[in-house]
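Participant: Quick one, structure_5.cif (mmCIF, C-alpha atoms and all ligand atoms):
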```
data_target
#
loop_
_atom_site.label_atom_id
_atom_site.label_comp_id
_atom_site.auth_asym_id
_atom_site.auth_seq_id
_atom_site.Cartn_x
_atom_site.Cartn_y
_atom_site.Cartn_z
CA MET A 206 2.71 -42.52 46.46
CA LEU A 207 5.57 -40.17 45.60
CA ILE A 208 4.73 -36.50 46.01
CA GLU A 209 6.80 -33.90 44.19
CA ILE A 210 8.60 -31.06 45.86
CA PRO A 211 8.84 -28.90 42.75
CA ALA A 212 12.16 -27.30 41.90
CA ARG A 213 12.62 -24.05 43.86
CA ARG A 214 9.39 -24.65 45.82
CA GLY A 215 8.11 -25.98 49.14
CA LYS A 216 5.62 -28.64 50.21
CA ALA A 217 4.26 -29.70 53.60
CA VAL A 218 2.56 -32.84 54.87
CA ARG A 219 0.90 -33.94 58.09
CA LEU A 220 2.33 -37.03 59.83
CA ARG A 221 0.86 -39.02 62.66
CA ARG A 222 3.17 -40.34 65.36
CA GLY A 223 4.74 -43.57 64.08
CA GLN A 224 4.43 -42.69 60.40
CA SER A 225 7.59 -42.04 58.42
CA VAL A 226 8.46 -39.86 55.49
CA ARG A 227 11.02 -40.93 52.89
CA VAL A 228 12.72 -37.98 51.20
CA VAL A 229 14.12 -38.86 47.80
CA ASN A 230 16.93 -36.92 46.14
CA THR A 231 15.47 -37.63 42.74
CA ARG A 232 18.28 -36.21 40.62
CA GLY A 233 20.95 -36.58 43.26
CA GLN A 234 22.27 -33.07 43.86
CA GLN A 235 19.30 -31.28 45.40
CA VAL A 236 19.35 -30.01 48.96
CA VAL A 237 16.02 -30.32 50.78
CA ASP A 238 15.50 -28.00 53.74
CA THR A 239 13.30 -29.82 56.25
CA TRP A 240 11.26 -28.54 59.18
CA ALA A 241 8.84 -30.18 61.62
CA PHE A 242 6.18 -28.53 63.79
CA VAL A 243 4.12 -30.18 66.53
CA ALA A 244 0.61 -30.56 65.15
CA ASP A 245 -1.39 -29.16 68.04
CA ASP A 246 1.00 -26.28 68.81
CA ILE A 247 3.28 -25.15 66.01
CA ALA A 248 5.15 -22.86 68.42
CA GLU A 249 6.95 -26.12 69.28
CA PHE A 250 9.16 -27.20 66.39
CA MET A 251 12.24 -29.22 65.49
CA SER A 252 15.28 -27.25 66.61
CA MET A 253 18.77 -27.83 65.26
CA GLU A 254 20.49 -26.18 68.22
CA HIS A 255 18.58 -28.36 70.68
CA SER A 256 19.06 -31.43 68.47
CA ARG A 257 22.85 -31.06 68.36
CA VAL A 258 22.83 -31.15 72.18
CA ALA A 259 20.59 -34.23 72.17
CA ILE A 260 22.60 -36.25 69.64
CA GLY A 261 26.07 -35.01 70.58
CA ARG A 262 27.16 -34.26 67.02
CA ILE A 263 26.39 -31.93 64.15
CA ILE A 264 25.13 -34.47 61.60
CA PRO A 265 22.47 -36.98 62.68
CA GLY A 266 23.10 -40.65 62.02
CA ILE A 267 20.77 -43.64 61.87
CA GLY A 268 18.80 -43.86 65.11
CA ASP A 269 19.34 -40.24 66.12
CA SER A 270 16.24 -38.31 67.17
CA MET A 271 15.97 -34.61 66.45
CA VAL A 272 14.20 -32.75 69.25
CA THR A 273 12.03 -29.67 69.54
CA ASN A 274 12.73 -26.33 71.15
CA ARG A 275 11.13 -27.99 74.20
CA ARG A 276 13.63 -30.87 73.89
CA ARG A 277 11.10 -33.56 73.00
CA PRO A 278 11.84 -36.04 70.19
CA ILE A 279 10.03 -35.18 66.96
CA LEU A 280 11.81 -36.89 64.04
CA THR A 281 14.14 -39.90 64.10
CA LEU A 282 16.47 -40.72 61.21
CA ILE A 283 15.78 -44.39 60.51
CA ALA A 284 17.31 -44.91 57.05
CA ASP A 285 19.84 -43.12 54.90
CA ASN A 286 21.53 -44.35 51.74
CA SER A 287 22.59 -40.90 50.56
CA GLY A 288 26.10 -40.95 51.99
CA GLY A 289 25.11 -39.59 55.37
CA ILE A 290 26.13 -35.99 54.68
CA HIS A 291 23.60 -33.41 55.86
CA ASP A 292 23.77 -30.01 57.52
CA THR A 293 22.41 -28.57 60.75
CA LEU A 294 24.49 -25.38 60.83
CA PHE A 295 23.20 -23.15 58.05
CA ALA A 296 20.09 -21.00 58.28
CA ALA A 297 17.47 -21.33 55.56
CA CYS A 298 18.15 -19.07 52.60
CA ASP A 299 16.07 -15.91 52.42
CA ARG A 300 15.72 -12.78 50.32
CA TRP A 301 18.51 -11.07 52.27
CA ARG A 302 20.93 -13.93 51.61
CA TYR A 303 20.39 -13.48 47.88
CA GLU A 304 20.69 -9.70 48.13
CA LEU A 305 24.07 -10.19 49.81
CA LEU A 306 25.04 -12.57 46.99
CA GLY A 307 24.34 -9.80 44.50
CA CYS A 308 20.93 -10.77 43.15
CA ALA A 309 18.93 -7.84 41.87
CA GLY A 310 15.22 -8.23 42.50
CA TYR A 311 13.36 -11.15 44.02
CA HIS A 312 14.95 -14.61 44.26
CA ASP A 313 13.05 -17.72 45.32
CA ASN A 314 14.13 -18.78 48.81
CA CYS A 315 13.54 -21.49 51.40
CA THR A 316 12.13 -19.09 53.99
CA ASP A 317 9.31 -18.00 51.70
CA ASN A 318 8.86 -21.62 50.56
CA LEU A 319 8.25 -22.70 54.16
CA ALA A 320 5.62 -20.01 54.60
CA ALA A 321 3.93 -20.95 51.31
CA ALA A 322 3.96 -24.68 52.13
CA LEU A 323 2.35 -24.11 55.53
CA ALA A 324 -0.14 -21.65 54.04
CA GLU A 325 -1.46 -24.52 51.89
CA LEU A 326 -2.42 -26.18 55.20
CA GLY A 327 -3.86 -22.96 56.62
CA LEU A 328 -0.91 -22.38 58.94
CA VAL A 329 1.56 -19.56 59.55
CA PRO A 330 5.06 -20.49 60.78
CA PRO A 331 5.84 -18.90 64.16
CA GLU A 332 9.32 -18.13 62.80
CA THR A 333 11.73 -19.75 60.36
CA PRO A 334 13.54 -22.35 62.47
CA ALA A 335 16.98 -23.46 61.36
CA PRO A 336 16.22 -26.38 59.04
CA LEU A 337 17.60 -29.87 58.88
CA ASN A 338 19.31 -29.40 55.52
CA LEU A 339 19.10 -32.86 53.99
CA PHE A 340 21.88 -33.74 51.52
CA MET A 341 23.66 -30.41 52.14
CA ASN A 342 27.43 -30.71 52.38
CA ILE A 343 28.92 -28.18 54.78
CA PRO A 344 32.12 -29.67 56.18
CA VAL A 345 33.80 -28.14 59.22
CA VAL A 346 37.41 -27.73 58.13
CA ASP A 347 40.25 -27.62 60.68
CA GLY A 348 37.66 -27.83 63.44
CA ASN A 349 36.31 -24.36 62.77
CA ARG A 350 35.86 -23.06 59.23
CA VAL A 351 32.75 -24.07 57.27
CA GLU A 352 32.85 -24.69 53.54
CA ILE A 353 30.09 -24.98 50.95
CA ARG A 354 30.53 -28.09 48.82
CA PRO A 355 28.30 -29.97 46.36
CA PRO A 356 26.18 -32.80 47.75
CA VAL A 357 27.64 -36.33 47.80
CA SER A 358 24.20 -37.91 47.32
CA THR A 359 23.30 -39.82 44.17
CA PRO A 360 20.10 -39.88 42.07
CA GLY A 361 17.30 -41.75 43.82
CA SER A 362 19.06 -41.89 47.18
CA TYR A 363 16.92 -41.09 50.18
CA VAL A 364 16.58 -40.58 53.90
CA THR A 365 13.68 -41.76 56.02
CA LEU A 366 12.45 -39.86 59.06
CA ARG A 367 9.98 -41.29 61.58
CA ALA A 368 7.57 -38.99 63.39
CA GLU A 369 7.81 -39.24 67.18
CA ALA A 370 4.80 -36.94 67.59
CA ASP A 371 1.87 -35.88 65.43
CA CYS A 372 3.47 -33.16 63.36
CA ILE A 373 3.59 -31.14 60.18
CA VAL A 374 6.75 -31.68 58.14
CA ALA A 375 7.68 -29.06 55.56
CA PHE A 376 10.25 -29.28 52.79
CA SER A 377 11.88 -26.81 50.44
CA ALA A 378 13.79 -27.83 47.33
CA CYS A 379 16.40 -25.13 47.89
CA PRO A 380 16.52 -22.63 45.00
CA GLN A 381 20.16 -21.74 45.63
CA ASP A 382 21.78 -21.22 42.21
CA ILE A 383 24.55 -18.76 43.09
CA VAL A 384 26.81 -20.99 45.21
CA PRO A 385 27.16 -24.78 44.63
CA ILE A 386 24.82 -25.90 47.45
CA ASN A 387 22.86 -27.88 44.82
CA GLY A 388 25.85 -29.08 42.83
CA LEU A 389 28.42 -27.52 40.54
CA ALA A 390 25.82 -27.10 37.78
CA LEU A 391 24.03 -24.50 39.96
CA GLN A 392 20.76 -26.04 38.76
CA PRO A 393 18.02 -26.51 41.39
CA THR A 394 15.81 -29.52 40.65
CA GLU A 395 12.73 -31.22 42.02
CA ALA A 396 12.79 -33.81 44.81
CA HIS A 397 10.13 -36.19 46.09
CA PHE A 398 8.77 -37.68 49.29
CA ASP A 399 6.35 -40.35 50.31
CA VAL A 400 4.64 -41.13 53.58
CA LEU A 401 5.04 -44.65 54.98
CA ASP A 402 2.71 -46.16 57.58
ZN ZN B 1 17.53 -22.57 50.42
#
```
Can you dump the structure from the file as structure tokens?
Facilitator:
Amino acid sequence: MLIEIPARRGKAVRLRRGQSVRVVNTRGQQVVDTWAFVADDIAEFMSMEHSRVAIGRIIPGIGDSMVTNRRRPILTLIADNSGGIHDTLFAACDRWRYELLGCAGYHDNCTDNLAAALAELGLVPPETPAPLNLFMNIPVVDGNRVEIRPPVSTPGSYVTLRAEADCIVAFSACPQDIVPINGLALQPTEAHFDVLD
């Protein structure tokens, strides 16, 4: 059953070890920030800095396992027909990011979406870990400079992540509409996921 991640909002789901979650880029240009927390101790969570050490590169490929801040596998990428372009370098957007981009007043953001998604499960995130930014296109140019480019994913393309531990996975359909993280139209949209046994 497909579950919606509403445009500009977050959603979380519990996974048992061995289950998978398929994250669908419904309209093709939507970045989905993704986090995972160990179910019985959410102080242990998927860590991009530890995962880059574990996989030896900055973008996971099929078969790569992301690890926690205690270096234990938590999510393995088992399918990807989106073009294989994701990001592990950028922090989740937050109110301060949008202030720096010139927004007056409140702007929806992935940090608050994570907190709201976990609150629906009665949980409080210990911090905002760096997310696995699915479908986000941040190339490293000339071996050093990072650029923000539109996603290469297409409507209906997806990635599938298998849980290597009982965990809570949270998503945010990134509300970025100032820079072209979510495509040149600057139009955040909904995405979907489903849980596979
Ligand atoms: Zn965001």
Participant: If you take only C-alpha atoms and all ligand atoms and a cut-off of 7 Å, which residues of chain A touch ligand ZN 1 (chain B), and what are their nearest atom pairs and distances in Å to one decimal, in chain and number order, as a tab-separated table?
Facilitator:
```
residue	atom	partner	partner_atom	distance
A:Asp238	CA	B:ZN1	ZN	6.7
A:Ala297	CA	B:ZN1	ZN	5.3
A:Cys298	CA	B:ZN1	ZN	4.2
A:Asn314	CA	B:ZN1	ZN	5.3
A:Cys315	CA	B:ZN1	ZN	4.2
A:Cys379	CA	B:ZN1	ZN	3.8
A:Pro380	CA	B:ZN1	ZN	5.5
A:Gln381	CA	B:ZN1	ZN	5.5
```
Participant: For Ile373 (chain A), which of A:Gly348, A:Gly268, A:Pro330, A:Gly307 is the closest residue, counting all atoms listed in the file?
Facilitator: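 The shortest atom-to-atom distance to Ile373 (chain A) comes from A:Pro330.
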Participant: If I put a ball of radius 9 Å at (1.9, -44.5, 45.9) in the file's coordinates, which residues poke into it when counting all atoms listed in the file, written as an MDAnalysis selection string?
Facilitator: chainID A and resid 206:208 399:400
Participant: Identify which of the residues A:Arg214, A:Ser225, A:Asp292, A:Ala309 lies closest to Val345 (chain A), counting all atoms listed in the file when measuring atom-to-atom distances.
Facilitator: A:Asp292
Participant: Between CA of Gln224 (chain A) and CA of Leu337 (chain A), what is the distance, to one decimal in Å?
Facilitator: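 Distance between the two atoms: 18.4 Å.
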Participant: Kindly indicate which residue among A:Val346, A:Met341, A:Leu305, A:Met251 lies nearest to Gln234 (chain A), using all atoms listed in the file for the distances.
Facilitator: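 Nearest candidate to Gln234 (chain A) out of A:Val346, A:Met341, A:Leu305, A:Met251: A:Met341.
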Participant: List every protein, DNA or RNA residue that has at least one atom no more than 8 Å from (13.2, -40.1, 53.0) in the file's coordinates, counting all atoms listed in the file, and write the result as a list in words.
Facilitator: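 Looking at atoms near the point gives Val226, Arg227, Val228, Val229, Ala284, Asp285, Tyr363, Val364, Thr365, Leu366, Phe398 and Asp399 of chain A.
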Participant: Choose the residue, out of A:Ile210, A:Met271, A:Leu282, A:Leu339, that has the smallest atom-to-atom separation from Phe295 (chain A); count all atoms listed in the file.
Facilitator: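 Between A:Ile210, A:Met271, A:Leu282, A:Leu339, the residue approaching Phe295 (chain A) most closely is A:Leu339.
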Participant: Any idea what the distance is between CA of Pro356 (chain A) and CA of Phe340 (chain A)?
Facilitator: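 Calculated distance between CA of Pro356 (chain A) and CA of Phe340 (chain A) is 5.8 Å.
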Participant: If we count all atoms listed in the file, what is near Ile386 (chain A) at a cut-off of 8 Å, once residues fewer than 5 positions away on the same chain are taken out, given as a VMD selection string?
Facilitator: chain A and resid 235 to 236 341 to 342 353 to 356 381 391
Participant: Grab the residues selected above and save them as a PDB file, keeping the file's coordinate frame with C-alpha atoms.
Facilitator:
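Contents of the output file selection.pdb:
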```pdb
ATOM      1  CA  GLN A 235      19.300 -31.280  45.400  1.00  0.00           C
ATOM      2  CA  VAL A 236      19.350 -30.010  48.960  1.00  0.00           C
ATOM      3  CA  MET A 341      23.660 -30.410  52.140  1.00  0.00           C
ATOM      4  CA  ASN A 342      27.430 -30.710  52.380  1.00  0.00           C
ATOM      5  CA  ILE A 353      30.090 -24.980  50.950  1.00  0.00           C
ATOM      6  CA  ARG A 354      30.530 -28.090  48.820  1.00  0.00           C
ATOM      7  CA  PRO A 355      28.300 -29.970  46.360  1.00  0.00           C
ATOM      8  CA  PRO A 356      26.180 -32.800  47.750  1.00  0.00           C
ATOM      9  CA  GLN A 381      20.160 -21.740  45.630  1.00  0.00           C
ATOM     10  CA  LEU A 391      24.030 -24.500  39.960  1.00  0.00           C
TER      11      LEU A 391
END
```
Participant: What is the CA of Thr273 (chain A)-CA of Met253 (chain A) distance in Å, reported with one decimal?
Facilitator: 8.2 Å
Participant: For Ala212 (chain A), please output as a list in words all residues within 7 Å (counting all atoms listed in the file; exclusion window: fewer than 6 positions along the same chain).
Facilitator: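 Counting only the stated atoms, we get Ala378, Pro393, Thr394 and Glu395 of chain A.
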Participant: Could the residues in this selection be written to a file with C-alpha atoms, as an mmCIF file, in the frame of the given file?
Facilitator:
```
data_model
loop_
_atom_site.group_PDB
_atom_site.id
_atom_site.type_symbol
_atom_site.label_atom_id
_atom_site.label_comp_id
_atom_site.auth_asym_id
_atom_site.auth_seq_id
_atom_site.Cartn_x
_atom_site.Cartn_y
_atom_site.Cartn_z
ATOM 1 C CA ALA A 378 13.790 -27.830 47.330
ATOM 2 C CA PRO A 393 18.020 -26.510 41.390
ATOM 3 C CA THR A 394 15.810 -29.520 40.650
ATOM 4 C CA GLU A 395 12.730 -31.220 42.020
#
```
Participant: From the options A:Ile290, A:Ala396, A:Leu401, A:Val237, which residue's atoms come nearest to Pro211 (chain A), counting all atoms listed in the file?
Facilitator: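 Selected residue with least distance to Pro211 (chain A): A:Ala396.
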Participant: Please produce region 234-245 of chain A, completed to all heavy atoms, as a PDB file, keeping the file's coordinate frame.
Facilitator:
```
ATOM      1  N   GLN A 234      21.457 -34.201  43.393  1.00  0.00           N
ATOM      2  CA  GLN A 234      22.270 -33.070  43.860  1.00  0.00           C
ATOM      3  C   GLN A 234      21.436 -31.983  44.518  1.00  0.00           C
ATOM      4  O   GLN A 234      21.902 -30.855  44.684  1.00  0.00           O
ATOM      5  CB  GLN A 234      23.045 -32.457  42.678  1.00  0.00           C
ATOM      6  CG  GLN A 234      24.097 -33.386  42.093  1.00  0.00           C
ATOM      7  CD  GLN A 234      25.366 -33.400  42.936  1.00  0.00           C
ATOM      8  OE1 GLN A 234      26.147 -32.470  42.932  1.00  0.00           O
ATOM      9  NE2 GLN A 234      25.544 -34.476  43.689  1.00  0.00           N
ATOM     10  N   GLN A 235      20.208 -32.311  44.892  1.00  0.00           N
ATOM     11  CA  GLN A 235      19.300 -31.280  45.400  1.00  0.00           C
ATOM     12  C   GLN A 235      19.227 -31.299  46.916  1.00  0.00           C
ATOM     13  O   GLN A 235      18.889 -32.319  47.519  1.00  0.00           O
ATOM     14  CB  GLN A 235      17.896 -31.506  44.825  1.00  0.00           C
ATOM     15  CG  GLN A 235      16.879 -30.488  45.297  1.00  0.00           C
ATOM     16  CD  GLN A 235      17.239 -29.051  44.917  1.00  0.00           C
ATOM     17  OE1 GLN A 235      17.601 -28.795  43.778  1.00  0.00           O
ATOM     18  NE2 GLN A 235      17.171 -28.137  45.872  1.00  0.00           N
ATOM     19  N   VAL A 236      19.529 -30.173  47.518  1.00  0.00           N
ATOM     20  CA  VAL A 236      19.350 -30.010  48.960  1.00  0.00           C
ATOM     21  C   VAL A 236      17.863 -29.813  49.267  1.00  0.00           C
ATOM     22  O   VAL A 236      17.165 -29.092  48.541  1.00  0.00           O
ATOM     23  CB  VAL A 236      20.180 -28.811  49.466  1.00  0.00           C
ATOM     24  CG1 VAL A 236      19.748 -28.373  50.854  1.00  0.00           C
ATOM     25  CG2 VAL A 236      21.655 -29.167  49.439  1.00  0.00           C
ATOM     26  N   VAL A 237      17.408 -30.461  50.336  1.00  0.00           N
ATOM     27  CA  VAL A 237      16.020 -30.320  50.780  1.00  0.00           C
ATOM     28  C   VAL A 237      16.008 -29.817  52.219  1.00  0.00           C
ATOM     29  O   VAL A 237      16.322 -30.564  53.148  1.00  0.00           O
ATOM     30  CB  VAL A 237      15.252 -31.658  50.662  1.00  0.00           C
ATOM     31  CG1 VAL A 237      13.813 -31.483  51.133  1.00  0.00           C
ATOM     32  CG2 VAL A 237      15.288 -32.188  49.227  1.00  0.00           C
ATOM     33  N   ASP A 238      15.668 -28.544  52.387  1.00  0.00           N
ATOM     34  CA  ASP A 238      15.500 -28.000  53.740  1.00  0.00           C
ATOM     35  C   ASP A 238      14.262 -28.633  54.353  1.00  0.00           C
ATOM     36  O   ASP A 238      13.207 -28.695  53.713  1.00  0.00           O
ATOM     37  CB  ASP A 238      15.302 -26.482  53.700  1.00  0.00           C
ATOM     38  CG  ASP A 238      16.550 -25.706  53.295  1.00  0.00           C
ATOM     39  OD1 ASP A 238      17.291 -26.175  52.409  1.00  0.00           O
ATOM     40  OD2 ASP A 238      16.751 -24.614  53.850  1.00  0.00           O
ATOM     41  N   THR A 239      14.380 -29.068  55.611  1.00  0.00           N
ATOM     42  CA  THR A 239      13.300 -29.820  56.250  1.00  0.00           C
ATOM     43  C   THR A 239      13.004 -29.244  57.627  1.00  0.00           C
ATOM     44  O   THR A 239      13.918 -29.015  58.419  1.00  0.00           O
ATOM     45  CB  THR A 239      13.715 -31.300  56.369  1.00  0.00           C
ATOM     46  OG1 THR A 239      13.979 -31.815  55.063  1.00  0.00           O
ATOM     47  CG2 THR A 239      12.633 -32.142  57.031  1.00  0.00           C
ATOM     48  N   TRP A 240      11.715 -29.031  57.875  1.00  0.00           N
ATOM     49  CA  TRP A 240      11.260 -28.540  59.180  1.00  0.00           C
ATOM     50  C   TRP A 240      10.163 -29.473  59.712  1.00  0.00           C
ATOM     51  O   TRP A 240       9.490 -30.158  58.943  1.00  0.00           O
ATOM     52  CB  TRP A 240      10.629 -27.148  59.052  1.00  0.00           C
ATOM     53  CG  TRP A 240      11.510 -26.052  58.573  1.00  0.00           C
ATOM     54  CD1 TRP A 240      12.251 -25.184  59.342  1.00  0.00           C
ATOM     55  CD2 TRP A 240      11.735 -25.634  57.216  1.00  0.00           C
ATOM     56  NE1 TRP A 240      12.908 -24.274  58.544  1.00  0.00           N
ATOM     57  CE2 TRP A 240      12.616 -24.537  57.240  1.00  0.00           C
ATOM     58  CE3 TRP A 240      11.289 -26.107  55.973  1.00  0.00           C
ATOM     59  CZ2 TRP A 240      13.051 -23.889  56.090  1.00  0.00           C
ATOM     60  CZ3 TRP A 240      11.716 -25.465  54.823  1.00  0.00           C
ATOM     61  CH2 TRP A 240      12.591 -24.370  54.886  1.00  0.00           C
ATOM     62  N   ALA A 241       9.962 -29.442  61.025  1.00  0.00           N
ATOM     63  CA  ALA A 241       8.840 -30.180  61.620  1.00  0.00           C
ATOM     64  C   ALA A 241       8.253 -29.347  62.752  1.00  0.00           C
ATOM     65  O   ALA A 241       8.991 -28.761  63.554  1.00  0.00           O
ATOM     66  CB  ALA A 241       9.307 -31.531  62.150  1.00  0.00           C
ATOM     67  N   PHE A 242       6.924 -29.300  62.787  1.00  0.00           N
ATOM     68  CA  PHE A 242       6.180 -28.530  63.790  1.00  0.00           C
ATOM     69  C   PHE A 242       5.198 -29.473  64.478  1.00  0.00           C
ATOM     70  O   PHE A 242       4.524 -30.279  63.805  1.00  0.00           O
ATOM     71  CB  PHE A 242       5.402 -27.392  63.124  1.00  0.00           C
ATOM     72  CG  PHE A 242       6.281 -26.401  62.401  1.00  0.00           C
ATOM     73  CD1 PHE A 242       6.684 -26.640  61.091  1.00  0.00           C
ATOM     74  CD2 PHE A 242       6.708 -25.242  63.032  1.00  0.00           C
ATOM     75  CE1 PHE A 242       7.508 -25.726  60.419  1.00  0.00           C
ATOM     76  CE2 PHE A 242       7.533 -24.323  62.368  1.00  0.00           C
ATOM     77  CZ  PHE A 242       7.928 -24.573  61.058  1.00  0.00           C
ATOM     78  N   VAL A 243       5.077 -29.357  65.786  1.00  0.00           N
ATOM     79  CA  VAL A 243       4.120 -30.180  66.530  1.00  0.00           C
ATOM     80  C   VAL A 243       2.705 -29.795  66.090  1.00  0.00           C
ATOM     81  O   VAL A 243       2.367 -28.610  66.002  1.00  0.00           O
ATOM     82  CB  VAL A 243       4.315 -29.986  68.048  1.00  0.00           C
ATOM     83  CG1 VAL A 243       3.211 -30.684  68.836  1.00  0.00           C
ATOM     84  CG2 VAL A 243       5.693 -30.512  68.466  1.00  0.00           C
ATOM     85  N   ALA A 244       1.888 -30.814  65.806  1.00  0.00           N
ATOM     86  CA  ALA A 244       0.610 -30.560  65.150  1.00  0.00           C
ATOM     87  C   ALA A 244      -0.332 -29.686  65.968  1.00  0.00           C
ATOM     88  O   ALA A 244      -1.000 -28.808  65.415  1.00  0.00           O
ATOM     89  CB  ALA A 244      -0.080 -31.893  64.820  1.00  0.00           C
ATOM     90  N   ASP A 245      -0.390 -29.906  67.263  1.00  0.00           N
ATOM     91  CA  ASP A 245      -1.390 -29.160  68.040  1.00  0.00           C
ATOM     92  C   ASP A 245      -0.846 -27.861  68.635  1.00  0.00           C
ATOM     93  O   ASP A 245      -1.574 -27.146  69.321  1.00  0.00           O
ATOM     94  CB  ASP A 245      -2.017 -30.042  69.127  1.00  0.00           C
ATOM     95  CG  ASP A 245      -1.000 -30.600  70.098  1.00  0.00           C
ATOM     96  OD1 ASP A 245       0.165 -30.160  70.071  1.00  0.00           O
ATOM     97  OD2 ASP A 245      -1.371 -31.483  70.887  1.00  0.00           O
TER      98      ASP A 245
END
```
